[in-house]
Structure formats: structure tokens, C-alpha cells
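Structure record follows, encoded as C-alpha cells.
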Amino acid sequence: MIRNLDEPMSSQNFYIQDEGAQVTINLYGRLEVTSVADLNRTIDEILAEVPRRWSVIVANLQGLDLIDSSGVSSIVGLFKRGRQSGAQVYVTGARGQPLQVLRILRMDKVFGM
Amino acid sequence: MSNTRVIELTLPGHVQFCELARRVIMESCRLLRVGNGAEPVADGYRSAGLPSERYEFDDSFTVEFVSAFSEIFNNIALHAYEGAARGTIELSIAIGEDSLLVDMCDTGKAFDIDSVPPPGELPIGGMGIFLARSMLDELEYHAGSPNRWRLVKCLGASERDATAAVEESAESA
């Protein structure tokens with residue numbers, strides 16, 4: 001059962017915005033092996049509500065300073081599983097180190113950055 | 001005469017200590033770029049005005065070395081020590097005139113680095129070694145007792161020019 005997303009939810013690295021048919025995951029700070037567990041749990045909860053509640057999922061990386069391969073795995077998992085569930089999934093706003101990592105992995109083009 | 005400065009550090013082989021090691025690596029990058037005590041044009045990273053856990057990198061050398069180092073540190077913690085902090089990671093950081101060299105030793109489980117395939121499109125795993133290789137000039141791994149890693153990165157021409165300009169400015173001041 002998903003947690004109450006009608007109210008802003010926060011954790012150390014992300015907060016969720018419920019905007020009707022769209023849900024936005026705003027990431028900030030560091031997303032790495034020590035901090036991905038909460039995000040992965042929330043991604044599972046969001047995907048369980050697709051497409052009944054949400055048809056568009058946005059991962060906003062604007063506030064993200066640092067990402068490692070574990071963090072990239074979470075984003076890729078969201079992207080793949082969200083699309084398989086029938087949602088439109090957008091990964092946006094990467095800058096600095098996270099953008100550089102995504103470029104090396106050639107994901108910037110996949111995500112349309 | 002070599003101006004290489006060496007920092008040695010031993011840390012528990014657990015992911016929770018990656019952040020501490022990373023801060024030392026970031027400072028080593030800054031020292032490499034600054035040279036002999038001259039103030040840099042821009043710090044390798046900034047912390048003023050940002051929460052302590054925030055990063056704001058200003059140069060690609062630091063971004064790439066810190067990213068690569070984090071992948072290897074966590075690879076040791078998660079795979080060699082299997083997440084159980086059963087050993088230590090010995091670090092030797094050599095800050096040369098135009099390069100940074102980090103040796104890492106662990107006594108955990110060894111693996112065949114050549115058997116790690118490059119990631120395909122939208123991979124879920126297997127990215128760490130690829131990222132580290134892509135961001136460093138050299139990445140060596142020798143399985144044994146201990147397992148030994150060597151990470152090397154040289155300053156690029158533009159970064160060397162920037163450092164030289166800072167040093168010239170300091171000398172003429």
C-alpha cells in the first residue's frame with residue numbers, strides 16, 4: 001500500500017509532488033549506494049499505482065549533486081519499469097556530475113537530455 | 001626532485017566510510033590543482049553556503065576522480081567484503097606535480113576484472129567498473145592477498161595551464 005502521497009513527502013534525498021495524473025520525484029543532494037533504498041521503495045510504491053493513479057512520471061534531477069552507479073540503477077529501473085507499466089517517464093534536469101555520469105553511460109540521449 | 005606528497009589512510013571496508021574517504025580525495029584533488037600553497041582561481045569544490053552534505057564541483061578532474069574512486073571503494077565494500085565490513089581498505093594517495101595516484105588494498109574476495117562486460121543500453125548493473133575506467137587514465141586491479149587497485153589520473157592541458165597561471169600570479173604578487 002502506497003504511503004500518503006496527497007501530502008508532500010520528504011526524505012534525505014527526494015520529495016514527491018502529486019500533480020494529478022503526473023507524479024514528480026524531485027531528487028537532490030547525493031544519490032548513491034547508502035541512500036537508494038528509500039528511493040527504490042518509493043519507486044515500487046509509485047509504480048504500483050500506474051496507470052490507475054498516474055500516467056506520467058517525472059524524475060527531476062535538478063537538485064542532484066552526486067550520483068553513483070547504484071543511483072543510476074534506480075533511475076534506469078524507474079524508466080524501464082514505468083514504461084513497461086504504460087506510463088510516460090521523463091528524466092530531466094541533470095547537471096554537473098550526474099549529467100557527466102549519464103553522458104558516459106550514453107543515457108543522456110536515451111533520456112532526451 | 002620529486003614534489004610528490006603522500007597521504008596514507010586505513011578505513012573500515014564499509015560503504016558508510018566512502019564519504020569520509022571521498023572528502024580526502026576531494027581535498028587531494030584540490031591540493032594537486034593548487035600546487036605549492038597558492039590559492040586557486042576556483043576551489044575544486046565549494047562548501048560555503050551549502051549544507052555539509054552538498055557537493056558543488058567546479059572542475060572536471062575532481063568530478064571524474066571522485067566519481068571513479070567512489071565506485072571502486074563501494075565495489076570493495078559491497079563485493080570484496082560483501083557488505084559486511086569484514087576488513088579494511090588501505091589507501092595511499094600520492095599527489096604528484098601533475099597527477100593523482102591512489103593505491104587501494106583490501107583482503108576481501110577477489111574477482112576477475114576482465115570478466116566484467118561493458119554495460120549495454122539502459123543497464124541495471126555492472127556500471128561501476130566501466131565508469132571508473134572511463135573517468136581515469138589508468139585503472140589497474142591485481143587479485144591476491146591483498147587485492148590491489150591503482151587509480152591514476154593526470155591533469156589535462158587546460159587544467160595544467162590554469163594551475164601554472166595561478167602559480168605565476170602568486171610568484172609575481
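Starting from 1 in every chain, residues are counted up; chains themselves are A, B, ... following the order of the C-alpha cells, and ligands are numbered from 1 as listed.
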_When you look at range 27-30 of chain A with a cut-off of 8 Å (counting only C-alpha atoms), what residues show up, excluding the ones that are within fewer than 5 positions of it in the same chain? I need them as a PyMOL selection string._
(chain A and resi 13-15+35+59-67) or (chain B and resi 53-55)
_Excluding Phe111 in chain A and its own-chain neighbours fewer than 3 positions away, which residues fall within 9 Å of it when counting only C-alpha atoms? Please give them as a list in words._
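Surrounding residues, per the criterion: Phe79, Val89, Tyr90, Val91, Thr92, Met107 and Asp108 of chain A.
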*Residues of chain A within 8 Å of chain B, using only C-alpha atoms, as a list in words?*
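Therefore, the residues near the partner are Gly29, Arg30, Val33, Thr34, Asp65, Leu66, Asp68, Ser69, Ser70, Val72, Ser73, Ser74, Val76, Gly77, Gly96, Gln97, Val101, Ile104, Leu105, Arg106 and Met107 of chain A.
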For the selection you just gave me, I'd like the residues written to a file as an mmCIF file, in the first residue's frame, keeping C-alpha atoms.
data_model
loop_
_atom_site.group_PDB
_atom_site.id
_atom_site.type_symbol
_atom_site.label_atom_id
_atom_site.label_comp_id
_atom_site.auth_asym_id
_atom_site.auth_seq_id
_atom_site.Cartn_x
_atom_site.Cartn_y
_atom_site.Cartn_z
ATOM 1 C CA GLY A 29 21.933 16.028 -2.783
ATOM 2 C CA ARG A 30 23.568 12.636 -3.206
ATOM 3 C CA VAL A 33 24.518 3.160 -2.519
ATOM 4 C CA THR A 34 23.928 4.366 1.032
ATOM 5 C CA ASP A 65 24.837 16.967 -6.900
ATOM 6 C CA LEU A 66 26.269 13.461 -6.969
ATOM 7 C CA ASP A 68 26.879 6.718 -8.380
ATOM 8 C CA SER A 69 26.110 3.556 -10.320
ATOM 9 C CA SER A 70 23.581 2.466 -7.668
ATOM 10 C CA VAL A 72 21.807 5.347 -11.889
ATOM 11 C CA SER A 73 20.370 1.837 -11.482
ATOM 12 C CA SER A 74 17.412 3.273 -9.570
ATOM 13 C CA VAL A 76 17.048 3.260 -15.045
ATOM 14 C CA GLY A 77 14.776 0.885 -13.134
ATOM 15 C CA GLY A 96 27.154 18.702 -13.231
ATOM 16 C CA GLN A 97 28.419 15.317 -12.066
ATOM 17 C CA VAL A 101 27.896 10.191 -15.469
ATOM 18 C CA ILE A 104 29.488 8.454 -20.128
ATOM 19 C CA LEU A 105 26.843 5.750 -19.901
ATOM 20 C CA ARG A 106 25.206 7.199 -23.051
ATOM 21 C CA MET A 107 21.933 7.604 -21.197
#
_In range 39-106 of chain A, DSSP strand (DSSP E) residues written as a list in words_ = Val56, Ile57, Val58, Ala59, Asn60, Leu61, Gln62, Gly63, Leu64, Asp65, Leu66, Ile67, Gln88, Val89, Tyr90, Val91 and Thr92 of chain A
*Residues of chain A in helix (DSSP H, G or I) according to DSSP, as a ChimeraX atom specification?*
/A:36-47,69-84,96-104,107-110
*Which residues come within 9 Å of range 20-29 of chain B, counting only C-alpha atoms, excluding same-chain residues fewer than 5 positions away, as a PyMOL selection string?*
chain B and resi 7+9+11+34+44-45+61-63+65-67+69-70+73+91+93-95+100+102
Just write the chosen residues, N, CA, C and O atoms, as a compact mmCIF listing (two decimals), in the first residue's frame.
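Here's the written file result.txt:
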# COMPACT_ATOMS: atom_id res chain seq x y z
N ILE B 7 49.60 10.65 1.25
CA ILE B 7 48.67 10.53 2.39
C ILE B 7 48.32 9.05 2.52
O ILE B 7 47.96 8.41 1.53
N LEU B 9 46.01 6.17 4.69
CA LEU B 9 44.78 6.13 5.47
C LEU B 9 44.25 4.70 5.45
O LEU B 9 44.27 4.05 4.41
N LEU B 11 40.77 2.56 6.43
CA LEU B 11 39.35 2.74 6.78
C LEU B 11 38.65 1.39 6.83
O LEU B 11 39.04 0.46 6.12
N VAL B 34 46.07 23.15 -6.90
CA VAL B 34 46.56 24.41 -6.35
C VAL B 34 48.09 24.49 -6.44
O VAL B 34 48.67 25.54 -6.64
N GLY B 44 38.36 23.37 -5.98
CA GLY B 44 37.91 22.13 -6.60
C GLY B 44 36.47 21.86 -6.26
O GLY B 44 35.73 21.24 -7.00
N TYR B 45 36.07 22.31 -5.12
CA TYR B 45 34.67 22.20 -4.74
C TYR B 45 34.39 23.35 -3.80
O TYR B 45 35.29 23.97 -3.26
N PHE B 61 38.30 17.42 -13.48
CA PHE B 61 39.26 16.48 -12.89
C PHE B 61 38.72 15.93 -11.57
O PHE B 61 38.71 14.72 -11.33
N THR B 62 38.25 16.83 -10.70
CA THR B 62 37.74 16.40 -9.39
C THR B 62 36.48 15.56 -9.56
O THR B 62 36.32 14.52 -8.91
N VAL B 63 35.58 16.00 -10.44
CA VAL B 63 34.35 15.23 -10.69
C VAL B 63 34.70 13.81 -11.07
O VAL B 63 34.15 12.84 -10.53
N PHE B 65 37.64 12.07 -10.87
CA PHE B 65 38.41 11.24 -9.93
C PHE B 65 37.53 10.81 -8.76
O PHE B 65 37.53 9.65 -8.35
N VAL B 66 36.77 11.75 -8.22
CA VAL B 66 35.90 11.42 -7.08
C VAL B 66 34.85 10.38 -7.47
O VAL B 66 34.58 9.44 -6.71
N SER B 67 34.29 10.51 -8.65
CA SER B 67 33.27 9.55 -9.10
C SER B 67 33.89 8.16 -9.26
O SER B 67 33.31 7.16 -8.83
N PHE B 69 36.69 7.00 -7.91
CA PHE B 69 37.11 6.48 -6.61
C PHE B 69 35.92 5.91 -5.83
O PHE B 69 36.01 4.83 -5.23
N SER B 70 34.80 6.62 -5.84
CA SER B 70 33.62 6.16 -5.10
C SER B 70 33.16 4.80 -5.61
O SER B 70 32.78 3.93 -4.82
N PHE B 73 35.69 2.18 -4.27
CA PHE B 73 35.55 1.99 -2.82
C PHE B 73 34.31 1.15 -2.53
O PHE B 73 34.35 0.18 -1.77
N LEU B 91 44.43 2.97 1.98
CA LEU B 91 44.58 3.95 0.91
C LEU B 91 45.95 4.58 0.97
O LEU B 91 46.44 4.94 2.04
N ILE B 93 47.52 7.77 -1.10
CA ILE B 93 47.18 8.82 -2.07
C ILE B 93 48.45 9.61 -2.36
O ILE B 93 49.01 10.23 -1.45
N ALA B 94 48.91 9.57 -3.58
CA ALA B 94 50.14 10.28 -3.95
C ALA B 94 49.76 11.47 -4.84
O ALA B 94 49.27 11.29 -5.95
N ILE B 95 50.00 12.66 -4.29
CA ILE B 95 49.70 13.89 -5.03
C ILE B 95 50.98 14.33 -5.71
O ILE B 95 51.91 14.82 -5.06
N LEU B 100 47.40 12.47 -9.94
CA LEU B 100 46.96 11.91 -8.67
C LEU B 100 46.94 10.39 -8.82
O LEU B 100 46.39 9.86 -9.79
N VAL B 102 46.17 6.83 -6.63
CA VAL B 102 45.61 6.25 -5.41
C VAL B 102 45.75 4.74 -5.48
O VAL B 102 45.27 4.10 -6.44
_Selected residue of minimal separation from His79 in chain B among B:Ala110, B:Leu155, B:Cys105, B:Ala143, counting only C-alpha atoms_ = B:Ala110
